[in-house]
>>> print(open('data.pdb').read())   # PDB, C-alpha atoms and all ligand atoms
ATOM      1  CA  MET A1255     -10.855  46.384 -82.700  1.00  0.00           C
ATOM      2  CA  GLU A1256     -10.379  43.393 -84.950  1.00  0.00           C
ATOM      3  CA  PRO A1257     -13.125  41.047 -86.151  1.00  0.00           C
ATOM      4  CA  VAL A1258     -13.516  37.416 -85.231  1.00  0.00           C
ATOM      5  CA  VAL A1259     -12.745  35.448 -88.396  1.00  0.00           C
ATOM      6  CA  HIS A1260     -13.969  31.921 -88.999  1.00  0.00           C
ATOM      7  CA  ALA A1261     -12.277  30.438 -92.060  1.00  0.00           C
ATOM      8  CA  ILE A1262     -14.207  27.433 -93.307  1.00  0.00           C
ATOM      9  CA  PHE A1263     -12.977  25.153 -96.062  1.00  0.00           C
ATOM     10  CA  GLU A1264     -15.399  23.426 -98.424  1.00  0.00           C
ATOM     11  CA  PRO A1265     -13.413  20.524 -99.887  1.00  0.00           C
ATOM     12  CA  GLN A1266     -15.553  19.515-102.827  1.00  0.00           C
ATOM     13  CA  THR A1267     -14.941  22.750-104.679  1.00  0.00           C
ATOM     14  CA  CYS A1268     -11.824  23.664-102.676  1.00  0.00           C
ATOM     15  CA  THR A1269     -13.391  26.848-101.435  1.00  0.00           C
ATOM     16  CA  TRP A1270     -12.593  28.967 -98.410  1.00  0.00           C
ATOM     17  CA  GLN A1271     -15.626  30.624 -96.902  1.00  0.00           C
ATOM     18  CA  TYR A1272     -15.538  33.175 -94.111  1.00  0.00           C
ATOM     19  CA  ILE A1273     -17.807  34.250 -91.324  1.00  0.00           C
ATOM     20  CA  VAL A1274     -16.535  37.582 -90.032  1.00  0.00           C
ATOM     21  CA  ALA A1275     -18.051  39.024 -86.877  1.00  0.00           C
ATOM     22  CA  ASP A1276     -17.812  42.142 -84.755  1.00  0.00           C
ATOM     23  CA  PRO A1277     -17.145  40.790 -81.253  1.00  0.00           C
ATOM     24  CA  SER A1278     -18.735  43.811 -79.624  1.00  0.00           C
ATOM     25  CA  THR A1279     -22.138  43.419 -81.288  1.00  0.00           C
ATOM     26  CA  ASN A1280     -22.094  39.885 -82.759  1.00  0.00           C
ATOM     27  CA  ALA A1281     -23.062  41.381 -86.127  1.00  0.00           C
ATOM     28  CA  ALA A1282     -21.534  39.285 -88.890  1.00  0.00           C
ATOM     29  CA  VAL A1283     -21.075  38.883 -92.614  1.00  0.00           C
ATOM     30  CA  ILE A1284     -20.600  35.667 -94.560  1.00  0.00           C
ATOM     31  CA  ILE A1285     -18.139  35.945 -97.423  1.00  0.00           C
ATOM     32  CA  ASP A1286     -18.303  33.638-100.444  1.00  0.00           C
ATOM     33  CA  PRO A1287     -20.554  30.852 -99.160  1.00  0.00           C
ATOM     34  CA  VAL A1288     -20.921  27.947-101.578  1.00  0.00           C
ATOM     35  CA  LEU A1289     -23.225  25.100-102.382  1.00  0.00           C
ATOM     36  CA  ASP A1290     -21.763  21.612-102.574  1.00  0.00           C
ATOM     37  CA  PHE A1291     -21.412  21.118-106.303  1.00  0.00           C
ATOM     38  CA  ASP A1292     -20.455  17.669-107.526  1.00  0.00           C
ATOM     39  CA  GLN A1293     -19.315  18.333-111.058  1.00  0.00           C
ATOM     40  CA  ALA A1294     -18.987  14.637-111.927  1.00  0.00           C
ATOM     41  CA  ARG A1295     -22.550  13.831-110.883  1.00  0.00           C
ATOM     42  CA  ASN A1296     -23.933  17.276-111.696  1.00  0.00           C
ATOM     43  CA  THR A1297     -25.598  17.501-108.304  1.00  0.00           C
ATOM     44  CA  VAL A1298     -25.896  20.266-105.737  1.00  0.00           C
ATOM     45  CA  SER A1299     -26.547  20.083-102.022  1.00  0.00           C
ATOM     46  CA  THR A1300     -26.697  22.538 -99.115  1.00  0.00           C
ATOM     47  CA  LYS A1301     -24.674  20.575 -96.592  1.00  0.00           C
ATOM     48  CA  SER A1302     -21.925  23.187 -96.363  1.00  0.00           C
ATOM     49  CA  ALA A1303     -24.354  26.090 -96.250  1.00  0.00           C
ATOM     50  CA  ASP A1304     -26.293  24.407 -93.476  1.00  0.00           C
ATOM     51  CA  ALA A1305     -23.067  24.027 -91.532  1.00  0.00           C
ATOM     52  CA  LEU A1306     -22.474  27.771 -91.879  1.00  0.00           C
ATOM     53  CA  LEU A1307     -25.926  28.387 -90.445  1.00  0.00           C
ATOM     54  CA  SER A1308     -25.173  26.072 -87.545  1.00  0.00           C
ATOM     55  CA  LEU A1309     -22.012  27.996 -86.725  1.00  0.00           C
ATOM     56  CA  VAL A1310     -23.869  31.310 -86.915  1.00  0.00           C
ATOM     57  CA  GLU A1311     -26.475  29.992 -84.515  1.00  0.00           C
ATOM     58  CA  GLU A1312     -23.893  28.472 -82.177  1.00  0.00           C
ATOM     59  CA  LYS A1313     -22.032  31.783 -81.908  1.00  0.00           C
ATOM     60  CA  GLY A1314     -25.175  33.883 -81.661  1.00  0.00           C
ATOM     61  CA  TYR A1315     -24.326  36.020 -84.678  1.00  0.00           C
ATOM     62  CA  THR A1316     -26.723  38.222 -86.593  1.00  0.00           C
ATOM     63  CA  VAL A1317     -25.812  38.087 -90.277  1.00  0.00           C
ATOM     64  CA  ASP A1318     -26.202  41.528 -91.829  1.00  0.00           C
ATOM     65  CA  ARG A1319     -24.709  40.791 -95.239  1.00  0.00           C
ATOM     66  CA  LEU A1320     -23.751  37.976 -97.550  1.00  0.00           C
ATOM     67  CA  LEU A1321     -20.761  39.205 -99.538  1.00  0.00           C
ATOM     68  CA  GLU A1322     -19.611  37.835-102.884  1.00  0.00           C
ATOM     69  CA  THR A1323     -16.124  38.689-104.036  1.00  0.00           C
ATOM     70  CA  HIS A1324     -16.989  37.813-107.634  1.00  0.00           C
ATOM     71  CA  VAL A1325     -18.905  35.522-109.939  1.00  0.00           C
ATOM     72  CA  HIS A1326     -17.511  32.928-112.266  1.00  0.00           C
ATOM     73  CA  ALA A1327     -17.947  29.468-113.602  1.00  0.00           C
ATOM     74  CA  ASP A1328     -16.816  26.776-111.222  1.00  0.00           C
ATOM     75  CA  HIS A1329     -18.334  27.516-107.845  1.00  0.00           C
ATOM     76  CA  LEU A1330     -21.994  27.904-106.991  1.00  0.00           C
ATOM     77  CA  THR A1331     -22.997  30.532-104.510  1.00  0.00           C
ATOM     78  CA  ALA A1332     -25.114  29.646-101.495  1.00  0.00           C
ATOM     79  CA  ALA A1333     -25.999  33.278-100.816  1.00  0.00           C
ATOM     80  CA  LYS A1334     -29.615  33.079-101.906  1.00  0.00           C
ATOM     81  CA  TYR A1335     -30.162  29.859-100.010  1.00  0.00           C
ATOM     82  CA  LEU A1336     -28.696  31.380 -96.848  1.00  0.00           C
ATOM     83  CA  GLN A1337     -30.700  34.549 -97.319  1.00  0.00           C
ATOM     84  CA  HIS A1338     -33.880  32.500 -97.562  1.00  0.00           C
ATOM     85  CA  LYS A1339     -33.051  30.443 -94.495  1.00  0.00           C
ATOM     86  CA  LEU A1340     -32.025  33.450 -92.413  1.00  0.00           C
ATOM     87  CA  ALA A1341     -35.120  35.383 -93.480  1.00  0.00           C
ATOM     88  CA  LYS A1342     -37.219  32.731 -91.810  1.00  0.00           C
ATOM     89  CA  LYS A1343     -35.514  33.747 -88.581  1.00  0.00           C
ATOM     90  CA  GLY A1344     -36.167  37.427 -89.228  1.00  0.00           C
ATOM     91  CA  GLN A1345     -32.651  38.377 -90.353  1.00  0.00           C
ATOM     92  CA  ARG A1346     -32.729  38.466 -94.202  1.00  0.00           C
ATOM     93  CA  PRO A1347     -29.236  39.795 -94.941  1.00  0.00           C
ATOM     94  CA  GLU A1348     -28.673  41.580 -98.226  1.00  0.00           C
ATOM     95  CA  VAL A1349     -26.501  39.921-100.848  1.00  0.00           C
ATOM     96  CA  GLY A1350     -23.714  42.265-101.962  1.00  0.00           C
ATOM     97  CA  ILE A1351     -21.202  42.226-104.817  1.00  0.00           C
ATOM     98  CA  GLY A1352     -19.178  44.723-106.836  1.00  0.00           C
ATOM     99  CA  LYS A1353     -20.924  47.151-109.150  1.00  0.00           C
ATOM    100  CA  ARG A1354     -19.364  45.645-112.289  1.00  0.00           C
ATOM    101  CA  ILE A1355     -21.297  42.412-111.936  1.00  0.00           C
ATOM    102  CA  GLY A1356     -23.793  43.580-114.546  1.00  0.00           C
ATOM    103  CA  GLY A1357     -21.152  43.413-117.265  1.00  0.00           C
ATOM    104  CA  VAL A1358     -20.168  39.885-116.248  1.00  0.00           C
ATOM    105  CA  GLN A1359     -23.786  38.763-116.196  1.00  0.00           C
ATOM    106  CA  GLU A1360     -24.383  40.161-119.663  1.00  0.00           C
ATOM    107  CA  ARG A1361     -21.284  38.441-120.999  1.00  0.00           C
ATOM    108  CA  PHE A1362     -22.318  35.032-119.688  1.00  0.00           C
ATOM    109  CA  ALA A1363     -25.968  35.561-120.598  1.00  0.00           C
ATOM    110  CA  GLU A1364     -25.032  36.155-124.207  1.00  0.00           C
ATOM    111  CA  ARG A1365     -22.712  33.145-124.266  1.00  0.00           C
ATOM    112  CA  TYR A1366     -25.211  30.750-122.682  1.00  0.00           C
ATOM    113  CA  ASP A1367     -28.440  32.331-123.889  1.00  0.00           C
ATOM    114  CA  ILE A1368     -29.770  33.215-120.439  1.00  0.00           C
ATOM    115  CA  ALA A1369     -32.791  35.493-120.300  1.00  0.00           C
ATOM    116  CA  ARG A1370     -32.217  38.843-118.605  1.00  0.00           C
ATOM    117  CA  GLU A1371     -35.036  38.282-116.132  1.00  0.00           C
ATOM    118  CA  GLU A1372     -33.170  35.273-114.767  1.00  0.00           C
ATOM    119  CA  TYR A1373     -30.253  37.318-113.489  1.00  0.00           C
ATOM    120  CA  GLU A1374     -31.370  40.929-113.287  1.00  0.00           C
ATOM    121  CA  GLY A1375     -31.792  41.990-109.674  1.00  0.00           C
ATOM    122  CA  ALA A1376     -30.010  38.905-108.378  1.00  0.00           C
ATOM    123  CA  PHE A1377     -28.067  41.062-105.911  1.00  0.00           C
ATOM    124  CA  ASP A1378     -29.415  43.451-103.313  1.00  0.00           C
ATOM    125  CA  LYS A1379     -26.346  45.623-103.007  1.00  0.00           C
ATOM    126  CA  LEU A1380     -23.797  46.691-105.640  1.00  0.00           C
ATOM    127  CA  PHE A1381     -20.669  48.102-104.023  1.00  0.00           C
ATOM    128  CA  ASP A1382     -18.830  51.070-105.438  1.00  0.00           C
ATOM    129  CA  ASP A1383     -15.049  51.071-105.399  1.00  0.00           C
ATOM    130  CA  ASP A1384     -13.827  51.993-101.915  1.00  0.00           C
ATOM    131  CA  GLU A1385     -17.354  52.140-100.563  1.00  0.00           C
ATOM    132  CA  VAL A1386     -17.379  52.115 -96.775  1.00  0.00           C
ATOM    133  CA  PHE A1387     -19.804  49.925 -94.871  1.00  0.00           C
ATOM    134  CA  HIS A1388     -19.972  48.545 -91.356  1.00  0.00           C
ATOM    135  CA  VAL A1389     -19.924  45.122 -89.804  1.00  0.00           C
ATOM    136  CA  GLY A1390     -21.455  45.991 -86.478  1.00  0.00           C
ATOM    137  CA  GLU A1391     -19.167  48.757 -85.258  1.00  0.00           C
ATOM    138  CA  LEU A1392     -16.261  47.772 -87.509  1.00  0.00           C
ATOM    139  CA  GLU A1393     -15.700  50.158 -90.392  1.00  0.00           C
ATOM    140  CA  SER A1394     -15.131  48.140 -93.544  1.00  0.00           C
ATOM    141  CA  LYS A1395     -14.457  48.896 -97.180  1.00  0.00           C
ATOM    142  CA  ALA A1396     -15.178  47.297-100.560  1.00  0.00           C
ATOM    143  CA  VAL A1397     -12.050  47.341-102.729  1.00  0.00           C
ATOM    144  CA  HIS A1398     -11.895  46.655-106.466  1.00  0.00           C
ATOM    145  CA  LEU A1399      -9.371  43.842-107.150  1.00  0.00           C
ATOM    146  CA  PRO A1400      -9.589  43.190-110.902  1.00  0.00           C
ATOM    147  CA  GLY A1401      -7.663  40.595-112.869  1.00  0.00           C
ATOM    148  CA  HIS A1402      -9.188  37.249-111.980  1.00  0.00           C
ATOM    149  CA  THR A1403     -12.476  38.677-113.184  1.00  0.00           C
ATOM    150  CA  PRO A1404     -13.222  42.303-114.043  1.00  0.00           C
ATOM    151  CA  ASP A1405     -15.825  42.664-111.306  1.00  0.00           C
ATOM    152  CA  HIS A1406     -13.747  41.131-108.522  1.00  0.00           C
ATOM    153  CA  MET A1407     -13.867  42.897-105.152  1.00  0.00           C
ATOM    154  CA  GLY A1408     -12.061  42.465-101.877  1.00  0.00           C
ATOM    155  CA  TYR A1409     -13.518  43.352 -98.500  1.00  0.00           C
ATOM    156  CA  LEU A1410     -11.334  45.158 -96.013  1.00  0.00           C
ATOM    157  CA  ILE A1411     -12.551  44.449 -92.479  1.00  0.00           C
ATOM    158  CA  GLY A1412     -10.267  45.529 -89.682  1.00  0.00           C
ATOM    159  CA  GLU A1413      -6.735  44.668 -90.751  1.00  0.00           C
ATOM    160  CA  ASN A1414      -7.901  41.825 -93.002  1.00  0.00           C
ATOM    161  CA  ILE A1415      -8.691  41.962 -96.676  1.00  0.00           C
ATOM    162  CA  PHE A1416     -10.761  39.076 -97.978  1.00  0.00           C
ATOM    163  CA  SER A1417      -9.413  38.860-101.460  1.00  0.00           C
ATOM    164  CA  GLY A1418     -11.373  36.008-103.027  1.00  0.00           C
ATOM    165  CA  ASP A1419      -9.603  34.515-106.037  1.00  0.00           C
ATOM    166  CA  SER A1420      -7.095  37.332-106.381  1.00  0.00           C
ATOM    167  CA  ILE A1421      -4.552  35.314-104.387  1.00  0.00           C
ATOM    168  CA  PHE A1422      -4.095  31.557-104.251  1.00  0.00           C
ATOM    169  CA  ASN A1423      -2.060  29.302-102.044  1.00  0.00           C
ATOM    170  CA  SER A1424       1.487  29.202-103.315  1.00  0.00           C
ATOM    171  CA  ASP A1425       1.327  25.454-103.940  1.00  0.00           C
ATOM    172  CA  VAL A1426      -1.477  26.004-106.446  1.00  0.00           C
ATOM    173  CA  GLY A1427       0.232  28.797-108.327  1.00  0.00           C
ATOM    174  CA  SER A1428      -0.897  32.261-109.184  1.00  0.00           C
ATOM    175  CA  ALA A1429      -4.557  33.099-109.376  1.00  0.00           C
ATOM    176  CA  ARG A1430      -5.985  32.333-112.784  1.00  0.00           C
ATOM    177  CA  CYS A1431      -7.040  35.075-115.138  1.00  0.00           C
ATOM    178  CA  ASP A1432      -8.365  33.045-118.053  1.00  0.00           C
ATOM    179  CA  PHE A1433     -12.031  33.737-117.453  1.00  0.00           C
ATOM    180  CA  PRO A1434     -13.791  36.225-119.720  1.00  0.00           C
ATOM    181  CA  GLY A1435     -12.538  39.687-118.862  1.00  0.00           C
ATOM    182  CA  GLY A1436      -9.622  38.367-116.818  1.00  0.00           C
ATOM    183  CA  ASN A1437      -6.361  40.281-117.111  1.00  0.00           C
ATOM    184  CA  ALA A1438      -2.957  39.161-115.869  1.00  0.00           C
ATOM    185  CA  LYS A1439      -1.593  42.698-115.607  1.00  0.00           C
ATOM    186  CA  ASP A1440      -4.496  43.801-113.459  1.00  0.00           C
ATOM    187  CA  LEU A1441      -4.046  40.733-111.298  1.00  0.00           C
ATOM    188  CA  SER A1442      -0.343  41.338-110.714  1.00  0.00           C
ATOM    189  CA  VAL A1443      -0.890  44.770-109.209  1.00  0.00           C
ATOM    190  CA  PRO A1444      -4.144  44.619-107.265  1.00  0.00           C
ATOM    191  CA  ALA A1445      -5.760  47.895-106.451  1.00  0.00           C
ATOM    192  CA  PHE A1446      -5.270  47.600-102.729  1.00  0.00           C
ATOM    193  CA  PRO A1447      -6.025  50.813-100.919  1.00  0.00           C
ATOM    194  CA  SER A1448      -3.342  53.313-100.150  1.00  0.00           C
ATOM    195  CA  PRO A1449      -1.494  52.736 -96.917  1.00  0.00           C
ATOM    196  CA  SER A1450      -3.112  54.148 -93.868  1.00  0.00           C
ATOM    197  CA  PRO A1451      -1.479  57.312 -92.504  1.00  0.00           C
ATOM    198  CA  THR A1452      -1.322  55.559 -89.161  1.00  0.00           C
ATOM    199  CA  PRO A1453       1.606  53.216 -88.564  1.00  0.00           C
ATOM    200  CA  PRO A1454       0.784  49.588 -89.439  1.00  0.00           C
ATOM    201  CA  PRO A1455       1.059  46.879 -86.816  1.00  0.00           C
ATOM    202  CA  SER A1456       4.124  44.730 -86.674  1.00  0.00           C
ATOM    203  CA  THR A1457       4.555  41.781 -88.993  1.00  0.00           C
ATOM    204  CA  ASP A1458       3.954  39.441 -86.111  1.00  0.00           C
ATOM    205  CA  SER A1459       0.368  40.546 -85.907  1.00  0.00           C
ATOM    206  CA  LEU A1460      -0.439  39.739 -89.518  1.00  0.00           C
ATOM    207  CA  GLN A1461      -2.746  36.895 -90.301  1.00  0.00           C
ATOM    208  CA  THR A1462      -2.735  35.154 -93.622  1.00  0.00           C
ATOM    209  CA  THR A1463      -5.169  32.479 -94.636  1.00  0.00           C
ATOM    210  CA  ALA A1464      -5.005  31.393 -98.237  1.00  0.00           C
ATOM    211  CA  SER A1465      -6.849  28.800-100.188  1.00  0.00           C
ATOM    212  CA  LYS A1466      -6.677  26.933-103.382  1.00  0.00           C
ATOM    213  CA  GLN A1467      -8.946  26.238-106.246  1.00  0.00           C
ATOM    214  CA  PRO A1468      -9.082  23.442-108.801  1.00  0.00           C
ATOM    215  CA  PRO A1469      -7.660  24.493-112.165  1.00  0.00           C
ATOM    216  CA  SER A1470     -10.573  23.332-114.234  1.00  0.00           C
ATOM    217  CA  SER A1471     -13.496  25.404-115.363  1.00  0.00           C
ATOM    218  CA  SER A1472     -16.993  24.200-116.065  1.00  0.00           C
ATOM    219  CA  PRO A1473     -19.784  25.169-118.422  1.00  0.00           C
ATOM    220  CA  PHE A1474     -22.060  26.262-115.575  1.00  0.00           C
ATOM    221  CA  PRO A1475     -22.101  30.021-115.555  1.00  0.00           C
ATOM    222  CA  ARG A1476     -25.120  30.978-113.499  1.00  0.00           C
ATOM    223  CA  THR A1477     -24.655  32.474-110.059  1.00  0.00           C
ATOM    224  CA  SER A1478     -21.498  30.499-109.625  1.00  0.00           C
ATOM    225  CA  ARG A1479     -18.209  31.686-108.437  1.00  0.00           C
ATOM    226  CA  SER A1480     -15.125  30.449-106.801  1.00  0.00           C
ATOM    227  CA  THR A1481     -14.039  31.659-103.476  1.00  0.00           C
ATOM    228  CA  PRO A1482     -10.614  31.088-102.137  1.00  0.00           C
ATOM    229  CA  ALA A1483      -9.916  34.069 -99.995  1.00  0.00           C
ATOM    230  CA  THR A1484      -6.985  35.497 -98.212  1.00  0.00           C
ATOM    231  CA  THR A1485      -6.914  37.626 -95.168  1.00  0.00           C
ATOM    232  CA  THR A1486      -3.922  39.829 -94.911  1.00  0.00           C
ATOM    233  CA  ARG A1487      -3.066  43.440 -94.517  1.00  0.00           C
ATOM    234  CA  PRO A1488      -3.502  45.556 -97.618  1.00  0.00           C
ATOM    235  CA  ARG A1489      -0.411  46.002 -99.720  1.00  0.00           C
ATOM    236  CA  ARG A1490       0.437  47.568-103.005  1.00  0.00           C
ATOM    237  CA  ARG A1491       1.225  44.188-104.453  1.00  0.00           C
ATOM    238  CA  ALA A1492      -0.277  40.836-103.704  1.00  0.00           C
ATOM    239  CA  PRO A1493       1.668  39.200-100.900  1.00  0.00           C
ATOM    240  CA  ARG A1494       2.843  35.659-101.292  1.00  0.00           C
ATOM    241  CA  PRO A1495       0.605  33.846 -98.833  1.00  0.00           C
ATOM    242  CA  ARG A1496       1.789  31.088 -96.606  1.00  0.00           C
ATOM    243  CA  PRO A1497       0.102  27.827 -97.572  1.00  0.00           C
ATOM    244  CA  THR A1498      -2.512  26.707 -95.136  1.00  0.00           C
ATOM    245  CA  PRO A1499      -3.228  22.985 -95.367  1.00  0.00           C
ATOM    246  CA  PRO A1500      -6.872  21.981 -95.250  1.00  0.00           C
ATOM    247  CA  SER A1501      -8.062  20.700 -91.935  1.00  0.00           C
ATOM    248  CA  PRO A1502      -8.458  16.955 -91.590  1.00  0.00           C
ATOM    249  CA  SER A1503     -11.998  17.635 -90.588  1.00  0.00           C
ATOM    250  CA  ARG A1504     -14.570  18.879 -93.042  1.00  0.00           C
ATOM    251  CA  TRP A1505     -14.970  22.181 -91.304  1.00  0.00           C
ATOM    252  CA  ARG A1506     -12.075  24.249 -90.245  1.00  0.00           C
ATOM    253  CA  THR A1507     -12.751  27.149 -87.988  1.00  0.00           C
ATOM    254  CA  THR A1508     -10.233  29.661 -86.836  1.00  0.00           C
ATOM    255  CA  SER A1509     -10.614  32.827 -84.944  1.00  0.00           C
ATOM    256  CA  THR A1510      -8.492  35.890 -84.591  1.00  0.00           C
TER     257      THR A1510
HETATM  258 ZN    ZN B   1     -12.964  32.795-109.184  1.00  0.00          ZN
END
>>> encode(input="data.pdb", output="structure tokens")
Amino acid sequence: MEPVVHAIFEPQTCTWQYIVADPSTNAAVIIDPVLDFDQARNTVSTKSADALLSLVEEKGYTVDRLLETHVHADHLTAAKYLQHKLAKKGQRPEVGIGKRIGGVQERFAERYDIAREEYEGAFDKLFDDDEVFHVGELESKAVHLPGHTPDHMGYLIGENIFSGDSIFNSDVGSARCDFPGGNAKDLSVPAFPSPSPTPPPSTDSLQTTASKQPPSSSPFPRTSRSTPATTTRPRRRAPRPRPTPPSPSRWRTTST
């Protein structure tokens, strides 16, 4: 069984966010939700996050996890805001990220003089490489995809891997690797899992949704990260995604 995938574009920070649900149970995860960050005005709002909550409510999903692919400097996560809002409805999903996040936090904390107590324990779940978890009845896996940042993870759910900033739309260029700990060689050969022993589906069944990210960075390191994501079948090398133009409407929702 394949998940229902809602791909939602946040235009201010050019971020793709995903709600991924098990159609048999309506259990869901939200991948890389963001706050609306206006870098020019240095303001933040929750308009996009509130829209995610509206979609969750409309579909009747129960959000079990909020998944971050990585942390870096030019997107602000909405995970804690969503966790707080969902907790009021009795759901309180855990916020998960890769186990290497501690090293990234320490690097930024030293650079920007952030006290340890401000970031320690910020995440509820630290995924091991290839750790298996479930979205409802869908077996899923956390996959280490280093290069963009050293902690970067992808999430394999059904036949889709949500690869965060490891892959960009082709019109934007290759994913950047100029953040602290980034590595172009690691990025060029992502650590996608070994092919399944079972025959893969035909090419026609593949779904690719890519996104783009502005090239600039910002001096705001805390709990921020950028989130273009791609859903595609796992491969040894990063596929070249087909560009997907942003929807004319603010919220783009697709399902598979
Ligand atoms: Zn990023």
>>> atom_distance(input="data.pdb", atom1="CA of Asn1296 in chain A", atom2="CA of Cys1268 in chain A")
16.4 Å
>>> closest_atom_pairs(input="data.pdb", of="range 1375-1411 of chain A", to="range 1351-1354 of chain A", cutoff="8 Å", atoms="only C-alpha atoms", output="Markdown table")
| residue | atom | partner | partner_atom | distance |
| --- | --- | --- | --- | --- |
| A:Phe1377 | CA | A:Ile1351 | CA | 7.0 |
| A:Lys1379 | CA | A:Ile1351 | CA | 6.4 |
| A:Leu1380 | CA | A:Lys1353 | CA | 4.6 |
| A:Phe1381 | CA | A:Gly1352 | CA | 4.6 |
| A:Asp1382 | CA | A:Lys1353 | CA | 5.8 |
| A:Asp1383 | CA | A:Gly1352 | CA | 7.7 |
| A:Ala1396 | CA | A:Gly1352 | CA | 7.9 |
| A:His1398 | CA | A:Gly1352 | CA | 7.5 |
| A:Pro1404 | CA | A:Arg1354 | CA | 7.2 |
| A:Asp1405 | CA | A:Arg1354 | CA | 4.7 |
| A:His1406 | CA | A:Gly1352 | CA | 6.7 |
| A:Met1407 | CA | A:Gly1352 | CA | 5.9 |
>>> residues_around(input="data.pdb", residues="range 1388-1390 of chain A", least_positions_apart="2", cutoff="8 Å", atoms="all atoms listed in the file", output="list of chain:residue names")
A:Ala1275, A:Asp1276, A:Ser1278, A:Thr1279, A:Asn1280, A:Ala1281, A:Ala1282, A:Val1283, A:Asp1318, A:Val1386, A:Leu1392, A:Glu1393, A:Ser1394, A:Ile1411
>>> closest_residue(input="data.pdb", among="A:Leu1330, A:Leu1321, A:Val1349, A:Ala1438", to="ligand ZN 1 (chain B)", atoms="all atoms listed in the file")
A:Leu1330
>>> residues_near_point(input="data.pdb", point="(-20.1, 39.6, -113.3)", cutoff="8 Å", atoms="all atoms listed in the file", output="list in words")
His1324, Val1325, His1326, Arg1354, Ile1355, Gly1356, Gly1357, Val1358, Gln1359, Glu1360, Arg1361, Thr1403, Pro1404 and Asp1405 of chain A
>>> write_last_selection(input="data.pdb", atoms="C-alpha atoms", output="compact mmCIF listing (two decimals), in the coordinates of the input")
# COMPACT_ATOMS: atom_id res chain seq x y z
CA HIS A 1324 -16.99 37.81 -107.63
CA VAL A 1325 -18.90 35.52 -109.94
CA HIS A 1326 -17.51 32.93 -112.27
CA ARG A 1354 -19.36 45.64 -112.29
CA ILE A 1355 -21.30 42.41 -111.94
CA GLY A 1356 -23.79 43.58 -114.55
CA GLY A 1357 -21.15 43.41 -117.26
CA VAL A 1358 -20.17 39.88 -116.25
CA GLN A 1359 -23.79 38.76 -116.20
CA GLU A 1360 -24.38 40.16 -119.66
CA ARG A 1361 -21.28 38.44 -121.00
CA THR A 1403 -12.48 38.68 -113.18
CA PRO A 1404 -13.22 42.30 -114.04
CA ASP A 1405 -15.82 42.66 -111.31
>>> atom_distance(input="data.pdb", atom1="CA of Asp1432 in chain A", atom2="CA of Ser1299 in chain A")
27.5 Å
>>> closest_residue(input="data.pdb", among="A:Gly1314, A:Asp1286, A:Gln1293, A:Ala1341", to="ligand ZN 1 (chain B)", atoms="only C-alpha atoms and all ligand atoms")
A:Asp1286
>>> atom_distance(input="data.pdb", atom1="CA of Ala1376 in chain A", atom2="CA of Glu1348 in chain A")
10.6 Å
>>> closest_residue(input="data.pdb", among="A:Pro1277, A:Pro1400, A:Pro1265, A:Pro1257", to="ligand ZN 1 (chain B)", atoms="all atoms listed in the file")
A:Pro1400
>>> closest_residue(input="data.pdb", among="A:Lys1395, A:Thr1267, A:Pro1347, A:Thr1300", to="ligand ZN 1 (chain B)", atoms="all atoms listed in the file")
A:Thr1267
>>> residues_around(input="data.pdb", residues="Pro1287 in chain A", least_positions_apart="6", cutoff="8 Å", atoms="all atoms listed in the file", output="list in words")
Gln1271, Tyr1272, Ala1303, Leu1320, Glu1322, Thr1331, Ala1332, Ala1333 and Thr1481 of chain A
>>> write_last_selection(input="data.pdb", atoms="C-alpha atoms", output="compact mmCIF listing (two decimals), keeping the file's coordinate frame")
# COMPACT_ATOMS: atom_id res chain seq x y z
CA GLN A 1271 -15.63 30.62 -96.90
CA TYR A 1272 -15.54 33.17 -94.11
CA ALA A 1303 -24.35 26.09 -96.25
CA LEU A 1320 -23.75 37.98 -97.55
CA GLU A 1322 -19.61 37.84 -102.88
CA THR A 1331 -23.00 30.53 -104.51
CA ALA A 1332 -25.11 29.65 -101.50
CA ALA A 1333 -26.00 33.28 -100.82
CA THR A 1481 -14.04 31.66 -103.48
>>> residues_around(input="data.pdb", residues="Leu1340 in chain A", least_positions_apart="5", cutoff="9 Å", atoms="only C-alpha atoms", output="list of chain:residue names")
A:Leu1307, A:Val1317, A:Tyr1335, A:Gln1345, A:Arg1346, A:Pro1347
